[in-house]
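Colleague: Structure file final-v8.cif (mmCIF, N, CA and C atoms) right here:
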```cif
data_final
loop_
_atom_site.label_atom_id
_atom_site.label_comp_id
_atom_site.auth_asym_id
_atom_site.auth_seq_id
_atom_site.Cartn_x
_atom_site.Cartn_y
_atom_site.Cartn_z
N MET G 257 94.48 -37.78 132.40
CA MET G 257 95.24 -37.07 133.39
C MET G 257 95.54 -38.03 134.54
N LYS G 258 96.72 -37.89 135.09
CA LYS G 258 97.17 -38.73 136.20
C LYS G 258 97.35 -37.86 137.44
N LEU G 259 96.98 -38.39 138.59
CA LEU G 259 97.15 -37.68 139.86
C LEU G 259 98.33 -38.29 140.61
N PHE G 260 99.33 -37.46 140.86
CA PHE G 260 100.51 -37.88 141.62
C PHE G 260 100.53 -37.15 142.95
N ILE G 261 100.83 -37.88 144.01
CA ILE G 261 101.17 -37.25 145.28
C ILE G 261 102.67 -37.01 145.21
N ASN G 262 103.13 -35.89 145.75
CA ASN G 262 104.52 -35.48 145.55
C ASN G 262 105.05 -34.87 146.84
N ASP G 263 106.26 -35.25 147.24
CA ASP G 263 106.87 -34.67 148.43
C ASP G 263 108.39 -34.69 148.30
N TYR G 264 109.03 -33.97 149.20
CA TYR G 264 110.50 -33.88 149.20
C TYR G 264 111.08 -34.74 150.32
N ASN G 265 112.39 -34.97 150.25
CA ASN G 265 113.14 -35.73 151.26
C ASN G 265 112.70 -37.17 151.37
N THR G 266 112.16 -37.75 150.32
CA THR G 266 111.74 -39.15 150.38
C THR G 266 112.94 -40.09 150.43
N GLU G 267 114.13 -39.57 150.22
CA GLU G 267 115.33 -40.39 150.34
C GLU G 267 115.73 -40.57 151.80
N GLN G 268 115.10 -39.83 152.71
CA GLN G 268 115.37 -39.96 154.14
C GLN G 268 114.39 -40.97 154.74
N ALA G 269 114.92 -41.98 155.41
CA ALA G 269 114.12 -43.12 155.86
C ALA G 269 112.91 -42.73 156.70
N GLY G 270 113.07 -41.84 157.66
CA GLY G 270 111.96 -41.44 158.53
C GLY G 270 110.86 -40.73 157.76
N LYS G 271 111.25 -39.79 156.94
CA LYS G 271 110.28 -39.06 156.13
C LYS G 271 109.59 -40.01 155.15
N ARG G 272 110.36 -40.89 154.55
CA ARG G 272 109.81 -41.85 153.59
C ARG G 272 108.75 -42.74 154.25
N ALA G 273 109.02 -43.21 155.45
CA ALA G 273 108.06 -44.08 156.14
C ALA G 273 106.75 -43.34 156.38
N ARG G 274 106.82 -42.08 156.80
CA ARG G 274 105.60 -41.30 157.05
C ARG G 274 104.87 -41.02 155.74
N TYR G 275 105.60 -40.72 154.69
CA TYR G 275 105.04 -40.44 153.37
C TYR G 275 104.31 -41.67 152.82
N LEU G 276 104.95 -42.81 152.89
CA LEU G 276 104.34 -44.02 152.36
C LEU G 276 103.14 -44.46 153.21
N ALA G 277 103.21 -44.22 154.52
CA ALA G 277 102.07 -44.53 155.38
C ALA G 277 100.87 -43.65 155.01
N LEU G 278 101.13 -42.38 154.71
CA LEU G 278 100.06 -41.48 154.27
C LEU G 278 99.46 -41.98 152.95
N ILE G 279 100.32 -42.36 152.02
CA ILE G 279 99.85 -42.87 150.73
C ILE G 279 98.99 -44.12 150.94
N ASP G 280 99.44 -45.01 151.81
CA ASP G 280 98.67 -46.22 152.09
C ASP G 280 97.29 -45.89 152.65
N ARG G 281 97.22 -44.92 153.57
CA ARG G 281 95.94 -44.52 154.15
C ARG G 281 95.03 -43.91 153.08
N LEU G 282 95.59 -43.08 152.21
CA LEU G 282 94.79 -42.46 151.15
C LEU G 282 94.23 -43.50 150.19
N ILE G 283 95.08 -44.44 149.80
CA ILE G 283 94.63 -45.51 148.90
C ILE G 283 93.53 -46.34 149.56
N ALA G 284 93.70 -46.65 150.85
CA ALA G 284 92.71 -47.44 151.58
C ALA G 284 91.36 -46.73 151.63
N ARG G 285 91.39 -45.41 151.60
CA ARG G 285 90.14 -44.62 151.63
C ARG G 285 89.60 -44.34 150.23
N GLY G 286 90.26 -44.88 149.22
CA GLY G 286 89.75 -44.74 147.87
C GLY G 286 90.23 -43.53 147.10
N ALA G 287 91.27 -42.85 147.58
CA ALA G 287 91.80 -41.70 146.85
C ALA G 287 92.34 -42.17 145.49
N PRO G 288 92.05 -41.44 144.43
CA PRO G 288 92.44 -41.87 143.07
C PRO G 288 93.89 -41.52 142.74
N ILE G 289 94.83 -42.05 143.49
CA ILE G 289 96.25 -41.74 143.29
C ILE G 289 96.81 -42.66 142.21
N ASP G 290 97.40 -42.06 141.18
CA ASP G 290 98.00 -42.83 140.09
C ASP G 290 99.51 -42.98 140.24
N GLY G 291 100.13 -42.09 141.01
CA GLY G 291 101.58 -42.15 141.08
C GLY G 291 102.15 -41.44 142.30
N ILE G 292 103.43 -41.67 142.49
CA ILE G 292 104.19 -41.13 143.62
C ILE G 292 105.33 -40.29 143.06
N GLY G 293 105.42 -39.05 143.52
CA GLY G 293 106.50 -38.17 143.10
C GLY G 293 107.55 -38.01 144.18
N HIS G 294 108.78 -37.88 143.75
CA HIS G 294 109.92 -37.70 144.67
C HIS G 294 110.68 -36.44 144.27
N GLN G 295 110.88 -35.57 145.23
CA GLN G 295 111.75 -34.42 145.02
C GLN G 295 113.07 -34.74 145.72
N PHE G 296 114.10 -34.97 144.96
CA PHE G 296 115.39 -35.32 145.55
C PHE G 296 116.29 -34.08 145.60
N HIS G 297 116.39 -33.49 146.79
CA HIS G 297 117.30 -32.37 147.05
C HIS G 297 118.41 -32.95 147.92
N VAL G 298 119.51 -33.33 147.31
CA VAL G 298 120.52 -34.12 148.01
C VAL G 298 121.85 -33.38 148.10
N SER G 299 122.71 -33.88 148.97
CA SER G 299 124.06 -33.36 149.09
C SER G 299 125.04 -34.45 148.68
N LEU G 300 126.27 -34.06 148.44
CA LEU G 300 127.29 -35.03 148.04
C LEU G 300 127.62 -36.01 149.15
N SER G 301 127.28 -35.68 150.38
CA SER G 301 127.57 -36.58 151.51
C SER G 301 126.49 -37.65 151.69
N MET G 302 125.37 -37.53 150.98
CA MET G 302 124.29 -38.51 151.10
C MET G 302 124.61 -39.74 150.25
N PRO G 303 124.46 -40.93 150.81
CA PRO G 303 124.70 -42.13 150.01
C PRO G 303 123.70 -42.23 148.85
N VAL G 304 124.20 -42.52 147.67
CA VAL G 304 123.36 -42.63 146.48
C VAL G 304 122.31 -43.73 146.65
N GLU G 305 122.63 -44.75 147.44
CA GLU G 305 121.70 -45.85 147.67
C GLU G 305 120.38 -45.37 148.27
N ASN G 306 120.40 -44.25 148.97
CA ASN G 306 119.17 -43.73 149.57
C ASN G 306 118.12 -43.43 148.51
N LEU G 307 118.55 -42.98 147.34
CA LEU G 307 117.61 -42.72 146.25
C LEU G 307 116.99 -44.03 145.78
N GLU G 308 117.81 -45.04 145.66
CA GLU G 308 117.32 -46.36 145.25
C GLU G 308 116.34 -46.92 146.27
N PHE G 309 116.65 -46.75 147.56
CA PHE G 309 115.75 -47.24 148.61
C PHE G 309 114.39 -46.55 148.52
N ALA G 310 114.39 -45.25 148.27
CA ALA G 310 113.13 -44.50 148.16
C ALA G 310 112.28 -45.04 147.01
N LEU G 311 112.89 -45.27 145.89
CA LEU G 311 112.16 -45.77 144.72
C LEU G 311 111.69 -47.21 144.94
N ALA G 312 112.53 -48.02 145.53
CA ALA G 312 112.18 -49.43 145.76
C ALA G 312 111.03 -49.54 146.77
N ASP G 313 111.11 -48.80 147.86
CA ASP G 313 110.05 -48.87 148.88
C ASP G 313 108.71 -48.41 148.30
N ALA G 314 108.73 -47.35 147.53
CA ALA G 314 107.49 -46.83 146.96
C ALA G 314 106.94 -47.76 145.88
N SER G 315 107.80 -48.50 145.21
CA SER G 315 107.35 -49.37 144.12
C SER G 315 106.45 -50.50 144.62
N GLU G 316 106.51 -50.80 145.90
CA GLU G 316 105.69 -51.87 146.47
C GLU G 316 104.19 -51.57 146.34
N ARG G 317 103.83 -50.33 146.05
CA ARG G 317 102.42 -49.95 145.92
C ARG G 317 101.88 -50.15 144.52
N GLY G 318 102.75 -50.44 143.57
CA GLY G 318 102.31 -50.68 142.20
C GLY G 318 101.88 -49.44 141.44
N LEU G 319 102.26 -48.27 141.91
CA LEU G 319 101.92 -47.02 141.25
C LEU G 319 103.08 -46.53 140.39
N GLN G 320 102.78 -45.67 139.45
CA GLN G 320 103.85 -45.04 138.68
C GLN G 320 104.66 -44.16 139.62
N GLN G 321 105.92 -43.92 139.27
CA GLN G 321 106.77 -43.03 140.05
C GLN G 321 107.41 -42.01 139.13
N ALA G 322 107.71 -40.85 139.71
CA ALA G 322 108.40 -39.81 138.96
C ALA G 322 109.36 -39.09 139.91
N VAL G 323 110.53 -38.76 139.39
CA VAL G 323 111.43 -37.86 140.10
C VAL G 323 111.08 -36.48 139.56
N THR G 324 110.41 -35.69 140.39
CA THR G 324 109.89 -34.40 139.94
C THR G 324 110.89 -33.26 140.10
N GLU G 325 111.86 -33.47 140.97
CA GLU G 325 112.95 -32.50 141.14
C GLU G 325 114.19 -33.30 141.51
N PHE G 326 115.33 -32.82 141.04
CA PHE G 326 116.59 -33.47 141.40
C PHE G 326 117.69 -32.43 141.35
N ASP G 327 118.28 -32.17 142.50
CA ASP G 327 119.41 -31.24 142.53
C ASP G 327 120.37 -31.65 143.62
N VAL G 328 121.60 -31.26 143.45
CA VAL G 328 122.66 -31.58 144.39
C VAL G 328 123.26 -30.27 144.88
#
```
For this file, produce the structure as structure tokens.

Modeller:
Amino acid sequence: MKLFINDYNTEQAGKRARYLALIDRLIARGAPIDGIGHQFHVSLSMPVENLEFALADASERGLQQAVTEFDV
């Protein structure tokens, strides 16, 4: 079994920074996190690159990633 932390709006830079900081603190305290989940609830006006930025920034932790929700 794998444990994923999961949140929404990770494509938004401010939310993503707080989310990743939380993940970093949990890992530093020994939390057994195996992966990072992203719920992408986006609009057509949002740049598609924001999704890529969310995945790229989170990948720096070396954990698995999953898009757990995706809707437009």

Colleague: What's around G:Asp327 at 12 Å? Count only C-alpha atoms, leave out sequence neighbours fewer than 5 positions away in its own chain, and write the answer as a list in words.

Modeller: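 These residues fall inside the cut-off: Tyr264, Asn265, His294, Gln295, Phe296, His297, Val298, Ser299 and Leu300 of chain G.
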
Colleague: May I ask for the distance between atom CA of G:Leu278 and atom CA of G:Val328, given in Å to one decimal place?

Modeller: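 Separation between atom CA of G:Leu278 and atom CA of G:Val328: 26.6 Å.
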
Colleague: So which residues touch G:Gln320 within 6 Å, counting only N, CA and C atoms, skipping near sequence neighbours fewer than 6 positions away, as a tab-separated table (two decimals) with N, CA and C atoms, in the frame of the given file?

Modeller:
```tsv
chain	number	residue	atom	x	y	z
G	290	ASP	N	97.40	-42.06	141.18
G	290	ASP	CA	98.00	-42.83	140.09
G	290	ASP	C	99.51	-42.98	140.24
G	291	GLY	N	100.13	-42.09	141.01
G	291	GLY	CA	101.58	-42.15	141.08
G	291	GLY	C	102.15	-41.44	142.30
G	292	ILE	N	103.43	-41.67	142.49
G	292	ILE	CA	104.19	-41.13	143.62
G	292	ILE	C	105.33	-40.29	143.06
```

Colleague: Could you tell me which of G:Leu259, G:Ala314, G:Ala322, G:Val304 comes closest to G:Arg274 if we count only C-alpha atoms?

Modeller: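 Closest to G:Arg274 of all the choices is G:Ala314.
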
Colleague: Could you pull out the residues in chain G that DSSP calls helix (DSSP H, G or I) from the backbone, as a list in words?

Modeller: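 Filtering chain G to helix (DSSP H, G or I) leaves Ala269, Gly270, Lys271, Arg272, Ala273, Arg274, Tyr275, Leu276, Ala277, Leu278, Ile279, Asp280, Arg281, Leu282, Ile283, Ala284, Glu305, Asn306, Leu307, Glu308, Phe309, Ala310, Leu311, Ala312, Asp313, Ala314 and Ser315 of chain G.
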
Colleague: List the neighbours of stretch 309-312 of chain G out to 8 Å using only C-alpha atoms; skip same-chain residues closer than 6 positions along the sequence, and give me the result as a short mmCIF file (atom, residue, chain, number, x, y, z; two decimals) with N, CA and C atoms, in the coordinates of the input.

Modeller:
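That gives us out.cif:
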```cif
data_model
loop_
_atom_site.label_atom_id
_atom_site.label_comp_id
_atom_site.auth_asym_id
_atom_site.auth_seq_id
_atom_site.Cartn_x
_atom_site.Cartn_y
_atom_site.Cartn_z
N THR G 266 112.16 -37.75 150.32
CA THR G 266 111.74 -39.15 150.38
C THR G 266 112.94 -40.09 150.43
N GLU G 267 114.13 -39.57 150.22
CA GLU G 267 115.33 -40.39 150.34
C GLU G 267 115.73 -40.57 151.80
N GLN G 268 115.10 -39.83 152.71
CA GLN G 268 115.37 -39.96 154.14
C GLN G 268 114.39 -40.97 154.74
N ALA G 269 114.92 -41.98 155.41
CA ALA G 269 114.12 -43.12 155.86
C ALA G 269 112.91 -42.73 156.70
N ARG G 272 110.36 -40.89 154.55
CA ARG G 272 109.81 -41.85 153.59
C ARG G 272 108.75 -42.74 154.25
N GLN G 321 105.92 -43.92 139.27
CA GLN G 321 106.77 -43.03 140.05
C GLN G 321 107.41 -42.01 139.13
#
```

Colleague: Rounded to one decimal, what separation in Å do you get between atom CA of G:Lys258 and atom CA of G:Ala273?

Modeller: 23.3 Å

Colleague: What does the structure give for the distance between atom CA of G:Leu307 and atom CA of G:Leu282, in Å to one decimal?

Modeller: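 Separation between atom CA of G:Leu307 and atom CA of G:Leu282: 23.3 Å.
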
Colleague: For a quick check of understanding, using only C-alpha atoms, which of G:Met302, G:Gly318, G:Arg285, G:Thr324 has the smallest distance to G:Ile261?

Modeller: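 So, comparing all the options, the nearest one is G:Thr324.
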
Colleague: If the box runs along x, y and z of the file and leaves 6 Å on each side of stretch 283-300 of chain G, what are its centre and edge lengths in Å, one decimal, as JSON?

Modeller:
```
{"center_x": 108.6, "center_y": -39.9, "center_z": 145.9, "size_x": 50.0, "size_y": 27.1, "size_z": 23.5}
```

Colleague: Could you write stretch 306-317 of chain G as a PDB file, keeping the file's coordinate frame, with all heavy atoms rebuilt where they are missing?

Modeller:
```
ATOM      1  N   ASN G 306     120.400 -44.250 148.970  1.00  0.00           N
ATOM      2  CA  ASN G 306     119.170 -43.730 149.570  1.00  0.00           C
ATOM      3  C   ASN G 306     118.120 -43.430 148.510  1.00  0.00           C
ATOM      4  O   ASN G 306     116.919 -43.597 148.747  1.00  0.00           O
ATOM      5  CB  ASN G 306     119.446 -42.480 150.400  1.00  0.00           C
ATOM      6  CG  ASN G 306     120.190 -42.784 151.676  1.00  0.00           C
ATOM      7  OD1 ASN G 306     120.609 -43.923 151.908  1.00  0.00           O
ATOM      8  ND2 ASN G 306     120.373 -41.787 152.509  1.00  0.00           N
ATOM      9  N   LEU G 307     118.550 -42.980 147.340  1.00  0.00           N
ATOM     10  CA  LEU G 307     117.610 -42.720 146.250  1.00  0.00           C
ATOM     11  C   LEU G 307     116.990 -44.030 145.780  1.00  0.00           C
ATOM     12  O   LEU G 307     115.774 -44.113 145.556  1.00  0.00           O
ATOM     13  CB  LEU G 307     118.316 -42.020 145.086  1.00  0.00           C
ATOM     14  CG  LEU G 307     119.019 -40.707 145.421  1.00  0.00           C
ATOM     15  CD1 LEU G 307     119.748 -40.178 144.205  1.00  0.00           C
ATOM     16  CD2 LEU G 307     118.055 -39.691 145.969  1.00  0.00           C
ATOM     17  N   GLU G 308     117.810 -45.040 145.660  1.00  0.00           N
ATOM     18  CA  GLU G 308     117.320 -46.360 145.250  1.00  0.00           C
ATOM     19  C   GLU G 308     116.340 -46.920 146.270  1.00  0.00           C
ATOM     20  O   GLU G 308     115.302 -47.477 145.906  1.00  0.00           O
ATOM     21  CB  GLU G 308     118.490 -47.318 145.055  1.00  0.00           C
ATOM     22  CG  GLU G 308     118.076 -48.683 144.573  1.00  0.00           C
ATOM     23  CD  GLU G 308     119.261 -49.629 144.367  1.00  0.00           C
ATOM     24  OE1 GLU G 308     120.410 -49.193 144.518  1.00  0.00           O
ATOM     25  OE2 GLU G 308     119.000 -50.797 144.077  1.00  0.00           O
ATOM     26  N   PHE G 309     116.650 -46.750 147.560  1.00  0.00           N
ATOM     27  CA  PHE G 309     115.750 -47.240 148.610  1.00  0.00           C
ATOM     28  C   PHE G 309     114.390 -46.550 148.520  1.00  0.00           C
ATOM     29  O   PHE G 309     113.352 -47.194 148.673  1.00  0.00           O
ATOM     30  CB  PHE G 309     116.343 -47.011 150.000  1.00  0.00           C
ATOM     31  CG  PHE G 309     117.617 -47.768 150.265  1.00  0.00           C
ATOM     32  CD1 PHE G 309     118.571 -47.249 151.120  1.00  0.00           C
ATOM     33  CD2 PHE G 309     117.875 -48.995 149.664  1.00  0.00           C
ATOM     34  CE1 PHE G 309     119.742 -47.941 151.389  1.00  0.00           C
ATOM     35  CE2 PHE G 309     119.050 -49.697 149.923  1.00  0.00           C
ATOM     36  CZ  PHE G 309     119.985 -49.159 150.787  1.00  0.00           C
ATOM     37  N   ALA G 310     114.390 -45.250 148.270  1.00  0.00           N
ATOM     38  CA  ALA G 310     113.130 -44.500 148.160  1.00  0.00           C
ATOM     39  C   ALA G 310     112.280 -45.040 147.010  1.00  0.00           C
ATOM     40  O   ALA G 310     111.068 -45.261 147.172  1.00  0.00           O
ATOM     41  CB  ALA G 310     113.404 -43.019 147.965  1.00  0.00           C
ATOM     42  N   LEU G 311     112.890 -45.270 145.890  1.00  0.00           N
ATOM     43  CA  LEU G 311     112.160 -45.770 144.720  1.00  0.00           C
ATOM     44  C   LEU G 311     111.690 -47.210 144.940  1.00  0.00           C
ATOM     45  O   LEU G 311     110.562 -47.561 144.591  1.00  0.00           O
ATOM     46  CB  LEU G 311     113.014 -45.655 143.466  1.00  0.00           C
ATOM     47  CG  LEU G 311     113.385 -44.223 143.062  1.00  0.00           C
ATOM     48  CD1 LEU G 311     114.413 -44.239 141.944  1.00  0.00           C
ATOM     49  CD2 LEU G 311     112.167 -43.424 142.686  1.00  0.00           C
ATOM     50  N   ALA G 312     112.530 -48.020 145.530  1.00  0.00           N
ATOM     51  CA  ALA G 312     112.180 -49.430 145.760  1.00  0.00           C
ATOM     52  C   ALA G 312     111.030 -49.540 146.770  1.00  0.00           C
ATOM     53  O   ALA G 312     110.076 -50.300 146.543  1.00  0.00           O
ATOM     54  CB  ALA G 312     113.395 -50.213 146.239  1.00  0.00           C
ATOM     55  N   ASP G 313     111.110 -48.800 147.860  1.00  0.00           N
ATOM     56  CA  ASP G 313     110.050 -48.870 148.880  1.00  0.00           C
ATOM     57  C   ASP G 313     108.710 -48.410 148.300  1.00  0.00           C
ATOM     58  O   ASP G 313     107.677 -49.014 148.566  1.00  0.00           O
ATOM     59  CB  ASP G 313     110.405 -48.017 150.091  1.00  0.00           C
ATOM     60  CG  ASP G 313     111.493 -48.624 150.948  1.00  0.00           C
ATOM     61  OD1 ASP G 313     111.854 -49.798 150.728  1.00  0.00           O
ATOM     62  OD2 ASP G 313     111.993 -47.915 151.848  1.00  0.00           O
ATOM     63  N   ALA G 314     108.730 -47.350 147.530  1.00  0.00           N
ATOM     64  CA  ALA G 314     107.490 -46.830 146.960  1.00  0.00           C
ATOM     65  C   ALA G 314     106.940 -47.760 145.880  1.00  0.00           C
ATOM     66  O   ALA G 314     105.726 -47.827 145.676  1.00  0.00           O
ATOM     67  CB  ALA G 314     107.723 -45.438 146.388  1.00  0.00           C
ATOM     68  N   SER G 315     107.800 -48.500 145.210  1.00  0.00           N
ATOM     69  CA  SER G 315     107.350 -49.370 144.120  1.00  0.00           C
ATOM     70  C   SER G 315     106.450 -50.500 144.620  1.00  0.00           C
ATOM     71  O   SER G 315     105.682 -51.065 143.840  1.00  0.00           O
ATOM     72  CB  SER G 315     108.534 -49.940 143.348  1.00  0.00           C
ATOM     73  OG  SER G 315     109.212 -50.910 144.125  1.00  0.00           O
ATOM     74  N   GLU G 316     106.510 -50.800 145.900  1.00  0.00           N
ATOM     75  CA  GLU G 316     105.690 -51.870 146.470  1.00  0.00           C
ATOM     76  C   GLU G 316     104.190 -51.570 146.340  1.00  0.00           C
ATOM     77  O   GLU G 316     103.368 -52.469 146.487  1.00  0.00           O
ATOM     78  CB  GLU G 316     106.056 -52.082 147.929  1.00  0.00           C
ATOM     79  CG  GLU G 316     107.471 -52.577 148.116  1.00  0.00           C
ATOM     80  CD  GLU G 316     107.915 -52.632 149.571  1.00  0.00           C
ATOM     81  OE1 GLU G 316     107.079 -52.360 150.466  1.00  0.00           O
ATOM     82  OE2 GLU G 316     109.084 -52.940 149.806  1.00  0.00           O
ATOM     83  N   ARG G 317     103.830 -50.330 146.050  1.00  0.00           N
ATOM     84  CA  ARG G 317     102.420 -49.950 145.920  1.00  0.00           C
ATOM     85  C   ARG G 317     101.880 -50.150 144.520  1.00  0.00           C
ATOM     86  O   ARG G 317     100.695 -50.014 144.277  1.00  0.00           O
ATOM     87  CB  ARG G 317     102.230 -48.502 146.355  1.00  0.00           C
ATOM     88  CG  ARG G 317     102.144 -48.425 147.854  1.00  0.00           C
ATOM     89  CD  ARG G 317     103.114 -47.425 148.436  1.00  0.00           C
ATOM     90  NE  ARG G 317     103.199 -47.646 149.864  1.00  0.00           N
ATOM     91  CZ  ARG G 317     104.197 -48.314 150.436  1.00  0.00           C
ATOM     92  NH1 ARG G 317     105.162 -48.824 149.733  1.00  0.00           N
ATOM     93  NH2 ARG G 317     104.213 -48.489 151.741  1.00  0.00           N
TER      94      ARG G 317
END
```
